[in-house]
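So this block is coords-v2.cif, mmCIF, C-alpha atoms:
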```
data_query
loop_
_atom_site.label_atom_id
_atom_site.label_comp_id
_atom_site.auth_asym_id
_atom_site.auth_seq_id
_atom_site.Cartn_x
_atom_site.Cartn_y
_atom_site.Cartn_z
CA MET Y 1 0.00 0.00 0.00
CA THR Y 2 1.40 3.37 -1.01
CA THR Y 3 0.87 6.49 1.06
CA PRO Y 4 -0.06 9.50 -1.07
CA PRO Y 5 2.52 12.29 -0.98
CA THR Y 6 1.69 15.51 0.80
CA SER Y 7 2.38 18.71 -1.01
CA PRO Y 8 1.77 22.41 -0.38
CA THR Y 9 1.03 22.81 -4.06
CA PRO Y 10 -2.47 22.81 -5.57
CA GLU Y 11 -1.98 19.18 -6.64
CA GLY Y 12 -1.72 18.26 -2.94
CA ALA Y 13 -4.72 20.32 -1.93
CA ALA Y 14 -7.11 17.40 -2.26
CA LEU Y 15 -4.96 15.39 0.17
CA ARG Y 16 -5.16 17.96 2.98
CA LYS Y 17 -7.99 18.15 5.44
CA ARG Y 18 -10.97 20.01 4.06
CA LYS Y 19 -12.04 23.11 5.94
CA PHE Y 20 -15.73 24.00 5.98
CA LEU Y 21 -16.27 27.73 6.40
CA CYS Y 22 -19.59 28.47 8.07
CA VAL Y 23 -20.78 32.07 8.28
CA VAL Y 24 -22.63 32.61 11.55
CA ASP Y 25 -24.73 35.26 13.20
CA SER Y 26 -27.61 35.20 15.66
CA SER Y 27 -30.22 34.14 13.07
CA ASP Y 28 -32.22 30.93 13.51
CA GLU Y 29 -30.95 29.29 10.32
CA CYS Y 30 -27.32 29.35 11.47
CA ALA Y 31 -27.84 26.38 13.78
CA ALA Y 32 -28.72 24.14 10.82
CA ALA Y 33 -25.72 25.35 8.81
CA VAL Y 34 -23.34 24.78 11.73
CA HIS Y 35 -24.68 21.29 12.36
CA PHE Y 36 -24.33 20.43 8.67
CA ALA Y 37 -20.75 21.75 8.54
CA ALA Y 38 -19.87 19.81 11.69
CA ARG Y 39 -21.34 16.56 10.36
CA ARG Y 40 -19.62 16.91 6.98
CA ALA Y 41 -16.31 17.68 8.71
CA ALA Y 42 -16.71 14.69 11.02
CA ASN Y 43 -17.62 12.37 8.14
CA THR Y 44 -14.79 13.51 5.86
CA GLY Y 45 -11.96 14.07 8.32
CA GLY Y 46 -12.18 17.83 7.88
CA HIS Y 47 -12.63 20.68 10.29
CA VAL Y 48 -14.84 23.76 10.66
CA ALA Y 49 -14.06 27.46 10.67
CA LEU Y 50 -16.77 29.77 12.00
CA LEU Y 51 -16.83 33.32 10.67
CA PHE Y 52 -18.74 36.15 12.34
CA VAL Y 53 -18.56 39.47 10.52
CA VAL Y 54 -19.17 42.65 12.49
CA GLU Y 55 -20.58 45.06 9.96
CA PRO Y 56 -19.83 48.77 10.32
CA GLU Y 57 -22.49 50.78 12.08
CA GLU Y 58 -24.22 53.56 10.18
CA TYR Y 59 -24.34 55.74 13.30
CA GLN Y 60 -21.00 57.52 13.61
CA HIS Y 61 -21.72 60.90 15.22
CA TRP Y 62 -19.93 60.43 18.53
CA SER Y 63 -16.84 58.32 18.81
CA ALA Y 64 -17.67 57.20 22.36
CA VAL Y 65 -21.04 55.84 21.22
CA LYS Y 66 -19.40 54.23 18.20
CA ASP Y 67 -16.82 52.53 20.43
CA ILE Y 68 -19.52 51.18 22.76
CA MET Y 69 -21.53 49.84 19.81
CA ARG Y 70 -18.40 48.21 18.38
CA GLU Y 71 -17.57 46.60 21.73
CA GLU Y 72 -21.13 45.28 22.06
CA SER Y 73 -20.96 43.84 18.54
CA HIS Y 74 -17.73 42.02 19.38
CA GLU Y 75 -19.24 40.65 22.59
CA GLU Y 76 -22.21 39.34 20.60
CA ALA Y 77 -19.81 37.79 18.08
CA GLN Y 78 -17.87 36.03 20.84
CA ASP Y 79 -21.08 34.72 22.45
CA VAL Y 80 -22.42 33.37 19.16
CA LEU Y 81 -19.08 31.81 18.23
CA LYS Y 82 -18.71 30.18 21.66
CA LYS Y 83 -22.17 28.62 21.41
CA PHE Y 84 -21.50 27.20 17.97
CA ALA Y 85 -17.92 26.17 18.84
CA ASP Y 86 -19.31 23.99 21.63
CA LYS Y 87 -21.62 22.31 19.09
CA ILE Y 88 -18.70 21.72 16.70
CA GLN Y 89 -16.66 20.18 19.53
CA GLN Y 90 -19.51 17.81 20.42
CA VAL Y 91 -20.05 16.65 16.84
CA THR Y 92 -16.47 16.49 15.53
CA GLY Y 93 -14.49 15.92 18.70
CA GLY Y 94 -12.19 18.77 17.69
CA PRO Y 95 -12.15 22.52 18.09
CA ALA Y 96 -13.56 24.97 15.59
CA GLU Y 97 -11.48 27.79 14.20
CA LEU Y 98 -13.13 31.04 15.36
CA ILE Y 99 -12.82 34.13 13.20
CA ILE Y 100 -14.19 37.62 13.81
CA ARG Y 101 -13.78 40.20 11.06
CA GLU Y 102 -15.02 43.73 10.63
CA GLY Y 103 -16.41 45.12 7.41
CA LYS Y 104 -18.94 44.27 4.75
CA ILE Y 105 -19.83 40.61 5.02
CA ARG Y 106 -19.47 39.69 1.36
CA GLU Y 107 -16.08 41.41 1.13
CA GLN Y 108 -14.84 39.64 4.26
CA ILE Y 109 -15.97 36.22 3.03
CA ASN Y 110 -14.25 36.77 -0.32
CA ALA Y 111 -11.07 37.97 1.39
CA LEU Y 112 -10.96 35.03 3.79
CA VAL Y 113 -11.53 32.48 1.03
CA SER Y 114 -8.72 34.10 -0.97
CA GLU Y 115 -6.35 34.15 2.02
CA ASP Y 116 -7.00 30.67 3.41
CA ARG Y 117 -6.42 28.05 0.72
CA GLU Y 118 -7.57 25.25 3.06
CA ILE Y 119 -11.17 26.44 2.88
CA GLY Y 120 -12.89 24.00 0.56
CA VAL Y 121 -16.60 24.65 1.09
CA LEU Y 122 -18.66 27.64 2.20
CA VAL Y 123 -21.72 26.65 4.25
CA LEU Y 124 -24.63 29.06 4.59
CA GLY Y 125 -27.96 28.75 6.36
CA ALA Y 126 -31.06 29.73 4.38
CA ALA Y 127 -33.96 31.47 6.04
CA THR Y 128 -37.34 29.88 5.46
CA GLY Y 129 -39.59 32.93 5.65
CA LYS Y 130 -41.53 34.69 2.90
CA GLU Y 131 -38.68 37.20 2.45
CA GLY Y 132 -36.53 34.55 0.81
CA PRO Y 133 -33.36 32.73 1.83
CA GLY Y 134 -31.64 35.86 3.12
CA PRO Y 135 -29.40 38.48 1.56
CA LEU Y 136 -26.16 36.54 1.93
CA VAL Y 137 -27.52 33.38 0.30
CA SER Y 138 -29.15 35.45 -2.44
CA THR Y 139 -25.91 37.28 -3.09
CA LEU Y 140 -23.41 34.41 -2.96
CA ALA Y 141 -25.53 31.58 -4.32
CA GLY Y 142 -27.96 33.52 -6.51
CA ARG Y 143 -28.09 33.41 -10.26
CA ASP Y 144 -25.75 36.39 -10.71
CA GLN Y 145 -22.97 34.64 -8.77
CA ALA Y 146 -23.64 31.00 -9.64
CA GLY Y 147 -20.45 29.56 -11.07
CA ARG Y 148 -18.33 32.57 -10.13
CA PHE Y 149 -17.54 31.85 -6.49
CA PRO Y 150 -14.14 30.12 -6.21
CA ILE Y 151 -15.31 27.24 -3.98
CA PRO Y 152 -18.53 25.23 -3.66
CA VAL Y 153 -21.32 26.85 -1.66
CA THR Y 154 -23.64 24.60 0.34
CA VAL Y 155 -26.95 26.19 1.30
CA VAL Y 156 -28.66 24.46 4.22
CA PRO Y 157 -32.39 25.08 4.73
CA GLY Y 158 -32.85 26.55 8.19
CA ASN Y 159 -35.86 24.37 8.97
CA LEU Y 160 -33.99 21.03 8.81
CA THR Y 161 -33.72 19.12 12.07
CA ASP Y 162 -30.43 17.71 13.33
CA GLU Y 163 -31.69 14.24 12.49
CA GLU Y 164 -32.49 15.25 8.90
CA ILE Y 165 -29.06 16.83 8.57
CA ASP Y 166 -27.39 13.72 10.00
CA ALA Y 167 -29.08 11.66 7.29
CA LEU Y 168 -27.87 14.07 4.57
CA ALA Y 169 -24.33 14.76 5.73
#
```

Output the structure of this file as structure tokens.
Amino acid sequence: MTTPPTSPTPEGAALRKRKFLCVVDSSDECAAAVHFAARRAANTGGHVALLFVVEPEEYQHWSAVKDIMREESHEEAQDVLKKFADKIQQVTGGPAELIIREGKIREQINALVSEDREIGVLVLGAATGKEGPGPLVSTLAGRDQAGRFPIPVTVVPGNLTDEEIDALA
């Protein structure tokens, strides 16, 4: 039996562990996306990176107020990431990579995917309301972007149960 060579080059990329990037926030559909990413990582020997993007506030009149709002946003990000990191640990047996970035969400996702060549799949949760799947899913997986994003995008319906996800992943 021959062991495949490891290589930092693109040819060796398929031999490295696959990283599932899951964009999280405090929305209901994120739980389904995180569970899916965790199950896929566990079943394929990969791992999960959780990204929370703190978007810039429109209100910028007083710097003290802006600083408080920024601090509160980072505290929310840490709380959400901690909750989902615990779930990842339970499902995969390993830690999640936790990432907080500031800026426009689409720009930050694109930048992270460009910077981290280990990211193999982007996992997004889709809202199930009348308003549609959500702006991020519509933007990154919609018809204008289909085929243009550099890695596969998996859209997980937010109404799937953990058991349904287990059966799929």

Pull the neighbourhood of (-14.3, 41.5, 8.1) for me: all residues within 9 Å in file coordinates, counting all atoms listed in the file, as a PyMOL selection string. chain Y and resi 51-55+100-109+111-112

Would you please work out which residue, of Y:Asn159, Y:Thr154, Y:Gln89, Y:Ser73, is nearest to Gly129 of chain Y when using only C-alpha atoms? Y:Asn159

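When all atoms listed in the file are used to compute distances to Ile99 of chain Y, the closest of the residues Y:Ile68, Y:Val155, Y:Leu50, Y:Lys130 turns out to be Y:Leu50.
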
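Note that atom CA of Glu131 of chain Y and atom CA of Phe84 of chain Y are 25.2 Å apart.
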
Residues proximal to (-13.6, 14.3, 3.5) were defined as those with any atom within 12 Å of that point in the file's coordinates, counting only C-alpha atoms. Which are they, as an MDAnalysis selection string? chainID Y and resid 14:20 37:48 120:121 169

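Distances from Y:Met69, Y:Ile88, Y:Leu81, Y:Val123 to Val23 of chain Y were compared using all atoms listed in the file, and the smallest one belongs to Y:Val123.
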
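Distance-wise, atom CA of Leu124 of chain Y and atom CA of Ala33 of chain Y end up 5.7 Å apart.
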
Which is closer to Arg117 of chain Y than all the others in Y:Pro95, Y:Pro56, Y:Pro150, Y:Pro135, using all atoms listed in the file? Y:Pro150

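In this model, the gap between atom CA of Phe36 of chain Y and atom CA of Ile165 of chain Y comes to 5.9 Å.
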
Step by step, work through what the PyMOL selection byres ((chain Y and resi 151) around 9) selects in the shown file, and finish by giving those residues as number ranges by chain. Y: 113, 119-122, 148-150, 152-153

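Among the candidates Y:Ala127, Y:Leu98, Y:Ala77, Y:Ala167, the one nearest to Ser27 of chain Y when counting all atoms listed in the file is Y:Ala127.
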
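Residues selected in this file by the PyMOL selection byres ((chain Y and resi 157) around 6) comprise Gly125, Ala126, Val156, Gly158, Asn159 and Leu160 of chain Y.
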
Please complete segment 69-100 of chain Y with N, CA and C atoms and give it back as a PDB file, keeping the file's coordinate frame.
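Output file part.pdb is given in full below:
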```
ATOM      1  N   MET Y  69     -20.796  50.699  20.747  1.00  0.00           N
ATOM      2  CA  MET Y  69     -21.530  49.840  19.810  1.00  0.00           C
ATOM      3  C   MET Y  69     -20.600  48.775  19.225  1.00  0.00           C
ATOM      4  N   ARG Y  70     -19.382  49.148  18.926  1.00  0.00           N
ATOM      5  CA  ARG Y  70     -18.400  48.210  18.380  1.00  0.00           C
ATOM      6  C   ARG Y  70     -18.074  47.135  19.414  1.00  0.00           C
ATOM      7  N   GLU Y  71     -17.870  47.547  20.648  1.00  0.00           N
ATOM      8  CA  GLU Y  71     -17.570  46.600  21.730  1.00  0.00           C
ATOM      9  C   GLU Y  71     -18.737  45.627  21.941  1.00  0.00           C
ATOM     10  N   GLU Y  72     -19.956  46.136  21.901  1.00  0.00           N
ATOM     11  CA  GLU Y  72     -21.130  45.280  22.060  1.00  0.00           C
ATOM     12  C   GLU Y  72     -21.241  44.283  20.901  1.00  0.00           C
ATOM     13  N   SER Y  73     -20.928  44.726  19.703  1.00  0.00           N
ATOM     14  CA  SER Y  73     -20.960  43.840  18.540  1.00  0.00           C
ATOM     15  C   SER Y  73     -19.933  42.724  18.677  1.00  0.00           C
ATOM     16  N   HIS Y  74     -18.757  43.044  19.191  1.00  0.00           N
ATOM     17  CA  HIS Y  74     -17.730  42.020  19.380  1.00  0.00           C
ATOM     18  C   HIS Y  74     -18.110  41.045  20.490  1.00  0.00           C
ATOM     19  N   GLU Y  75     -18.763  41.537  21.530  1.00  0.00           N
ATOM     20  CA  GLU Y  75     -19.240  40.650  22.590  1.00  0.00           C
ATOM     21  C   GLU Y  75     -20.294  39.691  22.054  1.00  0.00           C
ATOM     22  N   GLU Y  76     -21.205  40.201  21.230  1.00  0.00           N
ATOM     23  CA  GLU Y  76     -22.210  39.340  20.600  1.00  0.00           C
ATOM     24  C   GLU Y  76     -21.536  38.293  19.729  1.00  0.00           C
ATOM     25  N   ALA Y  77     -20.537  38.711  18.950  1.00  0.00           N
ATOM     26  CA  ALA Y  77     -19.810  37.790  18.080  1.00  0.00           C
ATOM     27  C   ALA Y  77     -19.165  36.674  18.903  1.00  0.00           C
ATOM     28  N   GLN Y  78     -18.530  37.029  19.995  1.00  0.00           N
ATOM     29  CA  GLN Y  78     -17.870  36.030  20.840  1.00  0.00           C
ATOM     30  C   GLN Y  78     -18.888  35.068  21.450  1.00  0.00           C
ATOM     31  N   ASP Y  79     -20.042  35.576  21.876  1.00  0.00           N
ATOM     32  CA  ASP Y  79     -21.080  34.720  22.450  1.00  0.00           C
ATOM     33  C   ASP Y  79     -21.612  33.729  21.417  1.00  0.00           C
ATOM     34  N   VAL Y  80     -21.900  34.229  20.219  1.00  0.00           N
ATOM     35  CA  VAL Y  80     -22.420  33.370  19.160  1.00  0.00           C
ATOM     36  C   VAL Y  80     -21.373  32.326  18.769  1.00  0.00           C
ATOM     37  N   LEU Y  81     -20.131  32.746  18.605  1.00  0.00           N
ATOM     38  CA  LEU Y  81     -19.080  31.810  18.230  1.00  0.00           C
ATOM     39  C   LEU Y  81     -18.856  30.749  19.300  1.00  0.00           C
ATOM     40  N   LYS Y  82     -18.897  31.140  20.556  1.00  0.00           N
ATOM     41  CA  LYS Y  82     -18.710  30.180  21.660  1.00  0.00           C
ATOM     42  C   LYS Y  82     -19.804  29.121  21.627  1.00  0.00           C
ATOM     43  N   LYS Y  83     -21.053  29.557  21.451  1.00  0.00           N
ATOM     44  CA  LYS Y  83     -22.170  28.620  21.410  1.00  0.00           C
ATOM     45  C   LYS Y  83     -21.990  27.605  20.280  1.00  0.00           C
ATOM     46  N   PHE Y  84     -21.660  28.091  19.105  1.00  0.00           N
ATOM     47  CA  PHE Y  84     -21.500  27.200  17.970  1.00  0.00           C
ATOM     48  C   PHE Y  84     -20.216  26.376  18.056  1.00  0.00           C
ATOM     49  N   ALA Y  85     -19.168  26.921  18.661  1.00  0.00           N
ATOM     50  CA  ALA Y  85     -17.920  26.170  18.840  1.00  0.00           C
ATOM     51  C   ALA Y  85     -18.151  24.959  19.738  1.00  0.00           C
ATOM     52  N   ASP Y  86     -18.975  25.113  20.757  1.00  0.00           N
ATOM     53  CA  ASP Y  86     -19.310  23.990  21.630  1.00  0.00           C
ATOM     54  C   ASP Y  86     -20.014  22.891  20.840  1.00  0.00           C
ATOM     55  N   LYS Y  87     -20.903  23.271  19.945  1.00  0.00           N
ATOM     56  CA  LYS Y  87     -21.620  22.310  19.090  1.00  0.00           C
ATOM     57  C   LYS Y  87     -20.635  21.578  18.172  1.00  0.00           C
ATOM     58  N   ILE Y  88     -19.715  22.312  17.579  1.00  0.00           N
ATOM     59  CA  ILE Y  88     -18.700  21.720  16.700  1.00  0.00           C
ATOM     60  C   ILE Y  88     -17.872  20.707  17.479  1.00  0.00           C
ATOM     61  N   GLN Y  89     -17.461  21.073  18.680  1.00  0.00           N
ATOM     62  CA  GLN Y  89     -16.660  20.180  19.530  1.00  0.00           C
ATOM     63  C   GLN Y  89     -17.410  18.885  19.817  1.00  0.00           C
ATOM     64  N   GLN Y  90     -18.702  19.003  20.125  1.00  0.00           N
ATOM     65  CA  GLN Y  90     -19.510  17.810  20.420  1.00  0.00           C
ATOM     66  C   GLN Y  90     -19.618  16.889  19.209  1.00  0.00           C
ATOM     67  N   VAL Y  91     -19.814  17.461  18.044  1.00  0.00           N
ATOM     68  CA  VAL Y  91     -20.050  16.650  16.840  1.00  0.00           C
ATOM     69  C   VAL Y  91     -18.755  16.088  16.264  1.00  0.00           C
ATOM     70  N   THR Y  92     -17.705  16.911  16.202  1.00  0.00           N
ATOM     71  CA  THR Y  92     -16.470  16.490  15.530  1.00  0.00           C
ATOM     72  C   THR Y  92     -15.419  15.936  16.478  1.00  0.00           C
ATOM     73  N   GLY Y  93     -15.514  16.309  17.745  1.00  0.00           N
ATOM     74  CA  GLY Y  93     -14.490  15.920  18.700  1.00  0.00           C
ATOM     75  C   GLY Y  93     -13.269  16.814  18.647  1.00  0.00           C
ATOM     76  N   GLY Y  94     -13.307  17.831  17.813  1.00  0.00           N
ATOM     77  CA  GLY Y  94     -12.190  18.770  17.690  1.00  0.00           C
ATOM     78  C   GLY Y  94     -12.676  20.201  17.762  1.00  0.00           C
ATOM     79  N   PRO Y  95     -11.764  21.113  17.969  1.00  0.00           N
ATOM     80  CA  PRO Y  95     -12.150  22.520  18.090  1.00  0.00           C
ATOM     81  C   PRO Y  95     -12.462  23.154  16.733  1.00  0.00           C
ATOM     82  N   ALA Y  96     -13.292  24.157  16.776  1.00  0.00           N
ATOM     83  CA  ALA Y  96     -13.560  24.970  15.590  1.00  0.00           C
ATOM     84  C   ALA Y  96     -12.568  26.120  15.551  1.00  0.00           C
ATOM     85  N   GLU Y  97     -12.268  26.573  14.366  1.00  0.00           N
ATOM     86  CA  GLU Y  97     -11.480  27.790  14.200  1.00  0.00           C
ATOM     87  C   GLU Y  97     -12.461  28.954  14.272  1.00  0.00           C
ATOM     88  N   LEU Y  98     -12.213  29.914  15.160  1.00  0.00           N
ATOM     89  CA  LEU Y  98     -13.130  31.040  15.360  1.00  0.00           C
ATOM     90  C   LEU Y  98     -12.527  32.295  14.761  1.00  0.00           C
ATOM     91  N   ILE Y  99     -13.311  32.957  13.913  1.00  0.00           N
ATOM     92  CA  ILE Y  99     -12.820  34.130  13.200  1.00  0.00           C
ATOM     93  C   ILE Y  99     -13.840  35.256  13.339  1.00  0.00           C
ATOM     94  N   ILE Y 100     -13.360  36.417  13.782  1.00  0.00           N
ATOM     95  CA  ILE Y 100     -14.190  37.620  13.810  1.00  0.00           C
ATOM     96  C   ILE Y 100     -13.509  38.622  12.892  1.00  0.00           C
TER      97      ILE Y 100
END
```
